[in-house]
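Chemist: This is start-v7.cif, which holds mmCIF, C-alpha atoms and all ligand atoms:
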data_input
loop_
_atom_site.label_atom_id
_atom_site.label_comp_id
_atom_site.auth_asym_id
_atom_site.auth_seq_id
_atom_site.Cartn_x
_atom_site.Cartn_y
_atom_site.Cartn_z
CA MET A 1 -62.19 -30.98 87.44
CA ILE A 2 -60.53 -28.38 85.26
CA LEU A 3 -56.94 -27.72 86.33
CA VAL A 4 -55.82 -24.13 85.82
CA VAL A 5 -52.06 -23.86 86.07
CA GLY A 6 -51.15 -20.26 86.84
CA GLY A 7 -54.69 -19.49 87.99
CA ALA A 8 -53.48 -16.83 90.47
CA GLY A 9 -52.00 -14.70 87.70
CA TYR A 10 -53.61 -11.84 85.82
CA ILE A 11 -55.23 -13.73 82.93
CA GLY A 12 -55.47 -17.06 84.77
CA SER A 13 -57.47 -15.56 87.65
CA HIS A 14 -60.01 -14.09 85.22
CA ALA A 15 -60.31 -17.48 83.50
CA VAL A 16 -60.86 -19.15 86.88
CA LYS A 17 -63.71 -16.74 87.61
CA GLU A 18 -65.33 -17.47 84.23
CA LEU A 19 -64.94 -21.23 84.77
CA CYS A 20 -66.57 -21.00 88.21
CA ASP A 21 -69.37 -18.82 86.81
CA ALA A 22 -69.93 -21.43 84.09
CA GLY A 23 -70.26 -24.14 86.77
CA TYR A 24 -66.96 -25.97 86.22
CA GLU A 25 -65.27 -27.49 89.25
CA THR A 26 -61.95 -25.70 89.16
CA LEU A 27 -58.58 -26.53 90.64
CA VAL A 28 -55.76 -23.98 90.63
CA LEU A 29 -52.05 -24.78 90.78
CA ASP A 30 -49.81 -21.75 91.23
CA ASN A 31 -46.47 -21.15 92.94
CA LEU A 32 -47.41 -17.49 93.61
CA SER A 33 -44.09 -16.31 92.15
CA THR A 34 -45.96 -13.64 90.20
CA GLY A 35 -49.59 -14.42 91.05
CA HIS A 36 -51.68 -13.49 94.08
CA ARG A 37 -53.61 -15.83 96.36
CA ALA A 38 -56.32 -13.16 96.73
CA ALA A 39 -56.90 -13.22 92.96
CA VAL A 40 -58.16 -16.81 93.05
CA ASP A 41 -61.93 -17.17 93.11
CA GLU A 42 -63.15 -18.58 96.43
CA ARG A 43 -65.15 -21.27 94.61
CA ALA A 44 -61.93 -22.85 93.25
CA VAL A 45 -59.64 -25.27 95.07
CA PHE A 46 -56.17 -23.73 95.44
CA ILE A 47 -52.92 -25.65 95.62
CA LYS A 48 -49.60 -23.91 96.00
CA GLY A 49 -47.03 -25.78 93.95
CA ASP A 50 -44.78 -25.84 90.93
CA LEU A 51 -45.69 -27.09 87.51
CA GLY A 52 -42.06 -28.06 87.03
CA SER A 53 -42.08 -30.27 90.13
CA GLU A 54 -42.93 -33.88 89.34
CA SER A 55 -43.77 -34.56 92.98
CA ASP A 56 -46.19 -31.59 93.21
CA LEU A 57 -47.86 -32.74 90.00
CA HIS A 58 -48.09 -36.40 91.03
CA ARG A 59 -49.66 -35.41 94.33
CA LEU A 60 -52.23 -33.30 92.51
CA PHE A 61 -53.08 -35.70 89.67
CA SER A 62 -53.36 -38.68 92.00
CA ARG A 63 -55.70 -36.83 94.38
CA TYR A 64 -58.02 -35.05 91.92
CA SER A 65 -59.73 -36.31 88.83
CA VAL A 66 -58.53 -33.82 86.21
CA GLU A 67 -60.47 -33.71 82.96
CA ALA A 68 -58.60 -30.92 81.18
CA VAL A 69 -55.75 -28.50 81.81
CA MET A 70 -55.49 -24.79 81.04
CA HIS A 71 -51.91 -23.58 81.24
CA PHE A 72 -51.29 -19.88 81.99
CA ALA A 73 -48.14 -20.12 84.12
CA ALA A 74 -45.25 -18.48 82.32
CA ASN A 75 -42.80 -15.62 82.45
CA SER A 76 -43.83 -13.11 79.81
CA LEU A 77 -41.51 -10.10 79.66
CA VAL A 78 -39.60 -9.71 76.41
CA GLY A 79 -36.73 -7.63 77.86
CA GLU A 80 -36.22 -10.01 80.78
CA SER A 81 -36.18 -12.96 78.39
CA VAL A 82 -33.33 -11.39 76.42
CA ALA A 83 -31.34 -10.77 79.63
CA ASP A 84 -32.11 -14.16 81.18
CA PRO A 85 -33.09 -16.72 78.52
CA LEU A 86 -32.36 -19.66 80.83
CA LYS A 87 -35.23 -18.57 83.10
CA TYR A 88 -37.58 -18.54 80.09
CA TYR A 89 -36.53 -21.90 78.65
CA GLU A 90 -36.63 -23.46 82.11
CA ASN A 91 -39.95 -22.01 83.32
CA ASN A 92 -41.81 -21.83 80.03
CA VAL A 93 -40.51 -24.87 78.15
CA SER A 94 -38.94 -27.36 80.53
CA ALA A 95 -41.62 -27.00 83.25
CA THR A 96 -44.38 -27.30 80.62
CA LEU A 97 -42.77 -30.53 79.42
CA THR A 98 -42.98 -31.88 82.97
CA LEU A 99 -46.66 -30.95 83.08
CA LEU A 100 -47.34 -32.62 79.72
CA LYS A 101 -45.43 -35.74 80.75
CA THR A 102 -47.50 -36.02 83.93
CA MET A 103 -50.73 -35.45 82.01
CA CYS A 104 -49.77 -38.33 79.68
CA ALA A 105 -48.98 -40.54 82.67
CA TYR A 106 -52.46 -39.91 84.12
CA GLY A 107 -54.28 -40.17 80.79
CA VAL A 108 -55.32 -36.50 80.70
CA SER A 109 -55.39 -35.46 77.07
CA SER A 110 -57.24 -32.11 76.87
CA PHE A 111 -55.05 -29.01 76.98
CA ILE A 112 -55.50 -25.26 76.42
CA PHE A 113 -52.26 -23.35 76.05
CA SER A 114 -51.61 -19.60 76.40
CA SER A 115 -49.36 -18.41 73.60
CA THR A 116 -48.58 -14.96 72.32
CA ALA A 117 -48.46 -12.51 69.44
CA ALA A 118 -44.70 -12.46 70.10
CA ALA A 119 -44.69 -15.73 68.13
CA TYR A 120 -44.99 -13.64 64.94
CA GLY A 121 -41.92 -11.45 65.55
CA ILE A 122 -42.01 -8.54 63.12
CA PRO A 123 -44.86 -9.48 60.79
CA ASP A 124 -44.98 -8.35 57.17
CA THR A 125 -48.73 -7.86 57.19
CA ASP A 126 -51.11 -5.33 58.76
CA TYR A 127 -53.53 -7.94 60.11
CA ILE A 128 -51.92 -11.06 61.54
CA THR A 129 -53.75 -14.31 60.87
CA GLU A 130 -52.83 -17.74 62.17
CA GLU A 131 -51.30 -18.36 58.71
CA THR A 132 -48.84 -15.49 59.14
CA MET A 133 -45.29 -16.82 59.39
CA VAL A 134 -44.19 -17.66 62.94
CA ARG A 135 -40.68 -16.25 63.49
CA PRO A 136 -40.17 -14.98 67.03
CA ILE A 137 -37.38 -12.49 67.64
CA ASN A 138 -36.76 -12.98 71.36
CA PRO A 139 -36.44 -15.87 73.85
CA TYR A 140 -39.94 -15.25 75.26
CA GLY A 141 -41.56 -15.68 71.84
CA ARG A 142 -39.31 -18.63 71.05
CA SER A 143 -40.17 -20.36 74.33
CA LYS A 144 -43.88 -20.20 73.44
CA VAL A 145 -43.31 -21.40 69.88
CA MET A 146 -41.20 -24.30 71.18
CA VAL A 147 -44.10 -25.43 73.34
CA GLU A 148 -46.47 -25.09 70.37
CA GLN A 149 -44.19 -27.44 68.43
CA ILE A 150 -44.01 -29.88 71.33
CA LEU A 151 -47.82 -29.92 71.48
CA GLU A 152 -48.05 -30.79 67.79
CA ASP A 153 -45.66 -33.70 68.24
CA PHE A 154 -47.49 -34.90 71.38
CA SER A 155 -50.76 -34.73 69.52
CA HIS A 156 -49.49 -37.04 66.76
CA ALA A 157 -47.62 -39.41 69.07
CA TYR A 158 -49.77 -39.55 72.21
CA GLY A 159 -53.19 -38.28 71.16
CA LEU A 160 -53.00 -34.96 73.03
CA GLN A 161 -56.01 -32.76 72.16
CA TYR A 162 -55.07 -29.11 72.37
CA ILE A 163 -55.92 -25.56 71.46
CA VAL A 164 -53.28 -22.83 71.41
CA LEU A 165 -54.51 -19.26 72.02
CA ARG A 166 -52.18 -16.51 70.86
CA TYR A 167 -52.99 -13.38 72.86
CA PHE A 168 -52.39 -9.88 71.66
CA ASN A 169 -52.26 -7.17 74.40
CA ALA A 170 -54.34 -8.31 77.37
CA ALA A 171 -55.73 -5.38 79.36
CA GLY A 172 -58.60 -4.30 81.63
CA ALA A 173 -60.11 -5.98 84.66
CA ASP A 174 -63.17 -7.97 85.61
CA GLN A 175 -66.14 -5.62 85.65
CA SER A 176 -66.79 -6.38 89.34
CA GLY A 177 -63.55 -4.49 90.07
CA ASN A 178 -62.52 -7.27 92.46
CA ILE A 179 -59.73 -8.76 90.38
CA GLY A 180 -57.37 -7.00 88.03
CA GLU A 181 -53.82 -6.44 86.87
CA ASP A 182 -51.15 -6.34 89.58
CA HIS A 183 -47.62 -7.10 88.44
CA ARG A 184 -44.94 -6.58 91.06
CA ASN A 185 -42.73 -4.90 88.50
CA GLU A 186 -45.22 -3.24 86.15
CA THR A 187 -44.07 -2.78 82.56
CA HIS A 188 -47.38 -2.70 80.66
CA LEU A 189 -48.66 0.46 79.09
CA ILE A 190 -52.24 0.76 80.40
CA PRO A 191 -51.53 0.04 84.10
CA LEU A 192 -48.51 2.36 83.96
CA ILE A 193 -50.60 5.22 82.54
CA LEU A 194 -53.34 4.67 85.11
CA GLN A 195 -50.86 4.48 87.98
CA HIS A 196 -49.42 7.77 86.75
CA LEU A 197 -52.89 9.33 86.56
CA LEU A 198 -53.47 8.13 90.12
CA GLY A 199 -50.40 10.09 91.20
CA LYS A 200 -48.26 7.03 91.83
CA ARG A 201 -45.74 7.80 89.06
CA PRO A 202 -44.43 11.23 88.02
CA TYR A 203 -44.95 10.75 84.26
CA ILE A 204 -45.63 8.21 81.53
CA SER A 205 -42.86 7.46 79.07
CA ILE A 206 -43.51 6.93 75.38
CA PHE A 207 -40.91 4.51 74.08
CA GLY A 208 -40.09 5.70 70.57
CA THR A 209 -41.72 8.39 68.44
CA ASP A 210 -40.09 7.55 65.11
CA TYR A 211 -41.83 4.29 64.22
CA PRO A 212 -43.35 3.99 60.72
CA THR A 213 -46.88 4.62 62.06
CA PRO A 214 -49.14 7.68 61.57
CA ASP A 215 -48.09 9.35 64.86
CA GLY A 216 -44.69 7.65 65.16
CA THR A 217 -45.60 5.54 68.23
CA CYS A 218 -46.16 1.76 68.35
CA ILE A 219 -49.54 0.30 67.50
CA ARG A 220 -50.99 -2.60 69.48
CA ASP A 221 -54.25 -4.56 69.63
CA TYR A 222 -55.68 -4.35 73.18
CA ILE A 223 -58.03 -7.14 74.19
CA HIS A 224 -60.06 -7.30 77.40
CA VAL A 225 -59.03 -9.97 79.86
CA THR A 226 -62.64 -11.20 80.24
CA ASP A 227 -62.96 -11.56 76.46
CA LEU A 228 -59.76 -13.64 76.63
CA ALA A 229 -61.10 -15.69 79.52
CA LYS A 230 -64.33 -16.40 77.63
CA ALA A 231 -62.32 -17.64 74.63
CA HIS A 232 -60.75 -20.19 76.98
CA ILE A 233 -64.15 -21.53 77.94
CA LEU A 234 -65.09 -21.91 74.26
CA ALA A 235 -61.76 -23.64 73.57
CA LEU A 236 -62.27 -25.96 76.53
CA GLU A 237 -65.78 -26.88 75.36
CA GLU A 238 -64.34 -27.59 71.91
CA VAL A 239 -61.62 -29.98 73.12
CA LEU A 240 -64.04 -31.72 75.47
CA ARG A 241 -66.64 -32.05 72.71
CA ASN A 242 -64.04 -33.51 70.32
CA LYS A 243 -62.71 -36.09 72.79
CA GLY A 244 -61.39 -39.02 70.79
CA GLU A 245 -60.95 -37.00 67.60
CA GLN A 246 -57.76 -35.15 66.88
CA THR A 247 -57.89 -31.48 67.90
CA CYS A 248 -54.82 -29.34 67.38
CA GLU A 249 -55.83 -25.78 66.63
CA VAL A 250 -54.26 -22.34 66.94
CA TYR A 251 -56.35 -19.18 67.35
CA ASN A 252 -55.45 -15.51 67.60
CA LEU A 253 -57.20 -13.49 70.30
CA GLY A 254 -57.38 -9.77 69.58
CA ASN A 255 -59.88 -7.03 68.79
CA GLY A 256 -58.63 -6.41 65.27
CA CYS A 257 -58.20 -2.68 66.05
CA GLY A 258 -54.82 -1.05 66.43
CA TYR A 259 -54.20 1.86 68.81
CA SER A 260 -50.96 3.82 69.05
CA VAL A 261 -49.31 4.57 72.40
CA GLN A 262 -50.42 8.22 71.98
CA GLU A 263 -54.01 7.15 71.34
CA VAL A 264 -54.02 4.90 74.40
CA ILE A 265 -52.76 7.76 76.58
CA ARG A 266 -55.46 10.06 75.15
CA MET A 267 -58.15 7.46 75.84
CA CYS A 268 -56.93 7.07 79.43
CA GLU A 269 -57.10 10.86 79.85
CA LYS A 270 -60.67 10.86 78.50
CA VAL A 271 -61.86 7.99 80.73
CA THR A 272 -60.22 9.31 83.90
CA GLU A 273 -60.75 13.02 83.13
CA ARG A 274 -57.13 13.60 84.17
CA LYS A 275 -54.18 14.97 82.22
CA ALA A 276 -51.00 12.95 81.71
CA ASN A 277 -47.40 14.19 81.89
CA ILE A 278 -45.61 12.63 78.96
CA GLU A 279 -41.90 11.92 78.68
CA TYR A 280 -40.62 11.06 75.21
CA ALA A 281 -38.04 8.29 75.51
CA GLU A 282 -35.91 6.05 73.31
CA ARG A 283 -37.38 3.01 71.63
CA ARG A 284 -37.62 -0.06 73.85
CA PRO A 285 -35.51 -2.87 72.30
CA GLY A 286 -37.50 -5.62 70.61
CA ASP A 287 -40.75 -3.66 70.05
CA PRO A 288 -42.34 -4.24 66.62
CA ALA A 289 -44.03 -1.11 65.19
CA ARG A 290 -47.45 -2.70 64.76
CA LEU A 291 -49.14 -5.86 66.04
CA VAL A 292 -52.82 -6.20 65.17
CA ALA A 293 -54.74 -9.47 65.05
CA SER A 294 -57.22 -10.94 62.73
CA ALA A 295 -59.28 -13.08 65.10
CA ASP A 296 -61.77 -14.13 62.40
CA LYS A 297 -60.85 -17.80 62.73
CA ILE A 298 -62.02 -18.22 66.34
CA LYS A 299 -65.06 -16.02 65.65
CA HIS A 300 -66.13 -18.27 62.77
CA LYS A 301 -65.14 -21.62 64.23
CA LEU A 302 -66.05 -21.22 67.90
CA GLY A 303 -68.44 -18.25 67.81
CA TRP A 304 -66.19 -16.04 69.95
CA LYS A 305 -67.40 -12.45 70.35
CA THR A 306 -65.57 -9.57 71.96
CA GLU A 307 -67.49 -7.27 74.26
CA TYR A 308 -64.96 -4.60 75.18
CA ASP A 309 -63.44 -1.89 72.97
CA LEU A 310 -60.47 0.20 74.17
CA GLU A 311 -62.65 2.72 76.03
CA LYS A 312 -64.49 -0.01 77.95
CA ILE A 313 -61.20 -1.82 78.63
CA ILE A 314 -59.78 1.33 80.23
CA HIS A 315 -62.99 1.94 82.22
CA THR A 316 -62.70 -1.48 83.86
CA ALA A 317 -58.95 -1.08 84.47
CA TRP A 318 -59.55 2.35 86.04
CA LYS A 319 -62.21 0.93 88.35
CA TRP A 320 -59.72 -1.73 89.54
CA HIS A 321 -56.87 0.76 90.03
CA LEU A 322 -59.04 3.35 91.78
CA HIS A 323 -60.33 0.84 94.30
CA HIS A 324 -57.04 -1.04 94.72
CA PRO A 325 -54.30 1.53 94.22
CA ASP A 326 -51.76 -0.85 95.75
CA GLY A 327 -53.16 -3.90 93.98
CA TYR A 328 -54.01 -7.00 95.97
CA ILE A 329 -52.34 -5.67 99.12
CA SER A 330 -55.04 -3.00 99.44
CA PHE A 331 -57.65 -5.61 98.53
CA GLU A 332 -56.49 -7.85 101.37
CA ALA A 333 -56.54 -4.91 103.78
CA MET A 334 -60.16 -4.10 102.90
CA ARG A 335 -61.40 -7.63 103.48
N1 LIG A 401 -44.93 1.46 76.14
C1 LIG A 401 -44.58 2.79 76.32
N2 LIG A 401 -44.34 3.22 77.59
C2 LIG A 401 -44.41 2.41 78.68
C3 LIG A 401 -44.77 1.05 78.48
C4 LIG A 401 -45.02 0.61 77.21
O1 LIG A 401 -44.48 3.56 75.37
O2 LIG A 401 -44.15 2.89 79.79
C5 LIG A 401 -45.21 0.98 74.79
C6 LIG A 401 -44.36 -0.21 74.37
O3 LIG A 401 -43.14 0.24 73.82
C7 LIG A 401 -45.28 -0.89 73.34
C8 LIG A 401 -46.69 -0.59 73.87
O4 LIG A 401 -46.54 0.52 74.77
O5 LIG A 401 -45.14 -0.28 72.08
C9 LIG A 401 -47.30 -1.75 74.61
O6 LIG A 401 -46.35 -2.21 75.55
P1 LIG A 401 -46.71 -3.28 76.67
O7 LIG A 401 -45.48 -3.48 77.51
O8 LIG A 401 -47.95 -2.86 77.39
O9 LIG A 401 -47.07 -4.60 75.87
P2 LIG A 401 -46.24 -5.45 74.77
O10 LIG A 401 -46.74 -4.96 73.44
O11 LIG A 401 -44.79 -5.24 74.98
O12 LIG A 401 -46.68 -6.86 75.03
#
Would you mind writing the file's structure down as structure tokens?

Modeler:
Amino acid sequence: MILVVGGAGYIGSHAVKELCDAGYETLVLDNLSTGHRAAVDERAVFIKGDLGSESDLHRLFSRYSVEAVMHFAANSLVGESVADPLKYYENNVSATLTLLKTMCAYGVSSFIFSSTAAAYGIPDTDYITEETMVRPINPYGRSKVMVEQILEDFSHAYGLQYIVLRYFNAAGADQSGNIGEDHRNETHLIPLILQHLLGKRPYISIFGTDYPTPDGTCIRDYIHVTDLAKAHILALEEVLRNKGEQTCEVYNLGNGCGYSVQEVIRMCEKVTERKANIEYAERRPGDPARLVASADKIKHKLGWKTEYDLEKIIHTAWKWHLHHPDGYISFEAMR
């Protein structure tokens, strides 16, 4: 079976759906601290538990025959990580170490790890490749880079086979409209704009208009969550194919196109045919002006293709938000 840790979360639940569609027997471990039970595909086995709990992990690994692990469970808010670094080092680093230790104990050596563009900090290049210097500027980014370093050491010492995927800005929803983005405390740009356009927020704030970009607002690389999920399947196939040989690879996952906050708002207005109220606000601490990926490496090496541009990403997100204005709560009510 393929164990998906954090499979009830936003990106994890989309990966679970892709795994089930591809015919993999899938097992989800999630403590539902930020994820939703309703997001987990019905074809997967669900276990509520903690990746940092040795007893939860032993129970799981002794009961199921796990072939590979995908690890999505992490806290991922930059601002929160600055205010509460202990939470990030505990949940993102220490708990992952417990998972890796248990995998070693049960002889499971194939691992796909969710990392982040925050690993690069403030890059000195327009298109970030995997060769770009890793120098995170906040505890969230550092927690991910620490795990990347642990993986490298585990690979040399214990034969761990792994692929690290560094995501740029995940967005959109499965095209069925049945699963999507539902954070209890939403901070991400696209869901916030769409919630505003749905009438659930009075305005959308633009954080900073004096960045060194053409329109003064931050530029990001938005990548569809299903494109991300499909990259995980390719990575999984690669580690399983290479069993016995050393695999320790890092890939960026992005579209290679940068859009400013203003451009994203305009695209949301176009897709929804609604007009946004904009509030111009101060810069948000820790935001780099521009983060755009070069994802050529995974395209060349694993044949990854992206299907969704920004307009299509927003179409799928809008479909999710329109049908589930209160997220999974409304979804549950409809079932
Ligand atoms: N942003 C904004 N207003 C908001 C939320 C986000 O202007 O209400 C900006 C944010 O400063 C960043 C970009 O939108 O430049 C993307 O932010 P998000 O939180 O979605 O992702 P991040 O890049 O932080 O991972």

Chemist: Output as CSV one row per residue of stretch 182-249 of chain A within 7 Å of stretch 294-316 of chain A: the closest atom pair and its distance in Å to one decimal place, counting all atoms listed in the file, sorted by chain and residue number ascending.

Modeler:
residue,atom,partner,partner_atom,distance
A:Tyr222,CA,A:Leu310,CA,6.7
A:His224,CA,A:Ile313,CA,5.7
A:Asp227,CA,A:Thr306,CA,5.6
A:Ala231,CA,A:Trp304,CA,6.3
A:Leu234,CA,A:Leu302,CA,6.5

Chemist: Please indicate the distance in Å from atom CA of A:Gln175 to atom CA of A:Tyr162, rounded to one decimal place.

Modeler: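 Result for atom CA of A:Gln175 versus atom CA of A:Tyr162: 29.2 Å, one decimal.
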
Chemist: Give me, as an MDAnalysis selection string, the set of residues whose atoms come within 6 Å of any atom of ligand LIG 401 (chain A), counting all atoms listed in the file.

Modeler: chainID A and resid 169 187:189 204:207 218 261 284 287

Chemist: Output C-alpha atoms of each residue in that selection to a file, as an mmCIF file, in the coordinates of the input.

Modeler:
data_model
loop_
_atom_site.group_PDB
_atom_site.id
_atom_site.type_symbol
_atom_site.label_atom_id
_atom_site.label_comp_id
_atom_site.auth_asym_id
_atom_site.auth_seq_id
_atom_site.Cartn_x
_atom_site.Cartn_y
_atom_site.Cartn_z
ATOM 1 C CA ASN A 169 -52.260 -7.170 74.400
ATOM 2 C CA THR A 187 -44.070 -2.780 82.560
ATOM 3 C CA HIS A 188 -47.380 -2.700 80.660
ATOM 4 C CA LEU A 189 -48.660 0.460 79.090
ATOM 5 C CA ILE A 204 -45.630 8.210 81.530
ATOM 6 C CA SER A 205 -42.860 7.460 79.070
ATOM 7 C CA ILE A 206 -43.510 6.930 75.380
ATOM 8 C CA PHE A 207 -40.910 4.510 74.080
ATOM 9 C CA CYS A 218 -46.160 1.760 68.350
ATOM 10 C CA VAL A 261 -49.310 4.570 72.400
ATOM 11 C CA ARG A 284 -37.620 -0.060 73.850
ATOM 12 C CA ASP A 287 -40.750 -3.660 70.050
#

Chemist: Grab the atom CA of A:Leu160 to atom CA of A:Ser109 distance for me, in Å with one decimal place.

Modeler: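 Interatomic distance here is 4.7 Å.
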
Chemist: In Å, how far is it from atom CA of A:Gly199 to atom CA of A:His323?

Modeler: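 We find that atom CA of A:Gly199 and atom CA of A:His323 lie 13.9 Å from each other.
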
Chemist: Restore all heavy atoms in stretch 261-269 of chain A and list the result as an mmCIF file, in the coordinates of the input.

Modeler:
data_model
loop_
_atom_site.group_PDB
_atom_site.id
_atom_site.type_symbol
_atom_site.label_atom_id
_atom_site.label_comp_id
_atom_site.auth_asym_id
_atom_site.auth_seq_id
_atom_site.Cartn_x
_atom_site.Cartn_y
_atom_site.Cartn_z
ATOM 1 N N VAL A 261 -49.562 4.222 70.993
ATOM 2 C CA VAL A 261 -49.310 4.570 72.400
ATOM 3 C C VAL A 261 -49.951 5.938 72.704
ATOM 4 O O VAL A 261 -50.613 6.106 73.742
ATOM 5 C CB VAL A 261 -47.789 4.583 72.689
ATOM 6 C CG1 VAL A 261 -47.520 5.057 74.111
ATOM 7 C CG2 VAL A 261 -47.184 3.200 72.465
ATOM 8 N N GLN A 262 -49.799 6.890 71.787
ATOM 9 C CA GLN A 262 -50.420 8.220 71.980
ATOM 10 C C GLN A 262 -51.932 8.102 72.134
ATOM 11 O O GLN A 262 -52.532 8.758 72.988
ATOM 12 C CB GLN A 262 -50.165 9.111 70.743
ATOM 13 C CG GLN A 262 -48.724 9.444 70.482
ATOM 14 C CD GLN A 262 -48.350 10.814 71.040
ATOM 15 O OE1 GLN A 262 -48.975 11.279 71.997
ATOM 16 N NE2 GLN A 262 -47.340 11.436 70.460
ATOM 17 N N GLU A 263 -52.545 7.293 71.280
ATOM 18 C CA GLU A 263 -54.010 7.150 71.340
ATOM 19 C C GLU A 263 -54.456 6.497 72.637
ATOM 20 O O GLU A 263 -55.501 6.851 73.193
ATOM 21 C CB GLU A 263 -54.500 6.321 70.135
ATOM 22 C CG GLU A 263 -54.419 7.081 68.828
ATOM 23 C CD GLU A 263 -54.665 6.213 67.603
ATOM 24 O OE1 GLU A 263 -54.341 5.006 67.625
ATOM 25 O OE2 GLU A 263 -55.152 6.753 66.598
ATOM 26 N N VAL A 264 -53.657 5.552 73.129
ATOM 27 C CA VAL A 264 -54.020 4.900 74.400
ATOM 28 C C VAL A 264 -53.938 5.919 75.537
ATOM 29 O O VAL A 264 -54.831 5.995 76.391
ATOM 30 C CB VAL A 264 -53.110 3.679 74.676
ATOM 31 C CG1 VAL A 264 -53.393 3.102 76.054
ATOM 32 C CG2 VAL A 264 -53.300 2.614 73.605
ATOM 33 N N ILE A 265 -52.895 6.740 75.520
ATOM 34 C CA ILE A 265 -52.760 7.760 76.580
ATOM 35 C C ILE A 265 -53.965 8.713 76.513
ATOM 36 O O ILE A 265 -54.587 9.026 77.541
ATOM 37 C CB ILE A 265 -51.430 8.530 76.444
ATOM 38 C CG1 ILE A 265 -50.254 7.577 76.691
ATOM 39 C CG2 ILE A 265 -51.375 9.712 77.425
ATOM 40 C CD1 ILE A 265 -48.875 8.189 76.438
ATOM 41 N N ARG A 266 -54.320 9.127 75.290
ATOM 42 C CA ARG A 266 -55.460 10.060 75.150
ATOM 43 C C ARG A 266 -56.758 9.429 75.666
ATOM 44 O O ARG A 266 -57.561 10.075 76.329
ATOM 45 C CB ARG A 266 -55.621 10.496 73.690
ATOM 46 C CG ARG A 266 -55.327 11.987 73.552
ATOM 47 C CD ARG A 266 -55.376 12.456 72.120
ATOM 48 N NE ARG A 266 -54.095 12.265 71.468
ATOM 49 C CZ ARG A 266 -53.912 11.666 70.284
ATOM 50 N NH1 ARG A 266 -54.937 11.198 69.598
ATOM 51 N NH2 ARG A 266 -52.723 11.556 69.777
ATOM 52 N N MET A 267 -56.931 8.140 75.371
ATOM 53 C CA MET A 267 -58.150 7.460 75.840
ATOM 54 C C MET A 267 -58.156 7.357 77.364
ATOM 55 O O MET A 267 -59.208 7.520 78.003
ATOM 56 C CB MET A 267 -58.248 6.072 75.197
ATOM 57 C CG MET A 267 -59.548 5.366 75.464
ATOM 58 S SD MET A 267 -60.981 6.226 74.742
ATOM 59 C CE MET A 267 -60.971 5.498 73.103
ATOM 60 N N CYS A 268 -56.998 7.128 77.960
ATOM 61 C CA CYS A 268 -56.930 7.070 79.430
ATOM 62 C C CYS A 268 -57.265 8.447 80.020
ATOM 63 O O CYS A 268 -57.950 8.539 81.051
ATOM 64 C CB CYS A 268 -55.538 6.636 79.893
ATOM 65 S SG CYS A 268 -55.183 4.899 79.591
ATOM 66 N N GLU A 269 -56.793 9.514 79.358
ATOM 67 C CA GLU A 269 -57.100 10.860 79.850
ATOM 68 C C GLU A 269 -58.613 11.113 79.773
ATOM 69 O O GLU A 269 -59.214 11.671 80.694
ATOM 70 C CB GLU A 269 -56.359 11.911 79.016
ATOM 71 C CG GLU A 269 -54.857 11.903 79.252
ATOM 72 C CD GLU A 269 -54.114 12.961 78.430
ATOM 73 O OE1 GLU A 269 -54.542 13.254 77.282
ATOM 74 O OE2 GLU A 269 -53.113 13.499 78.915
#
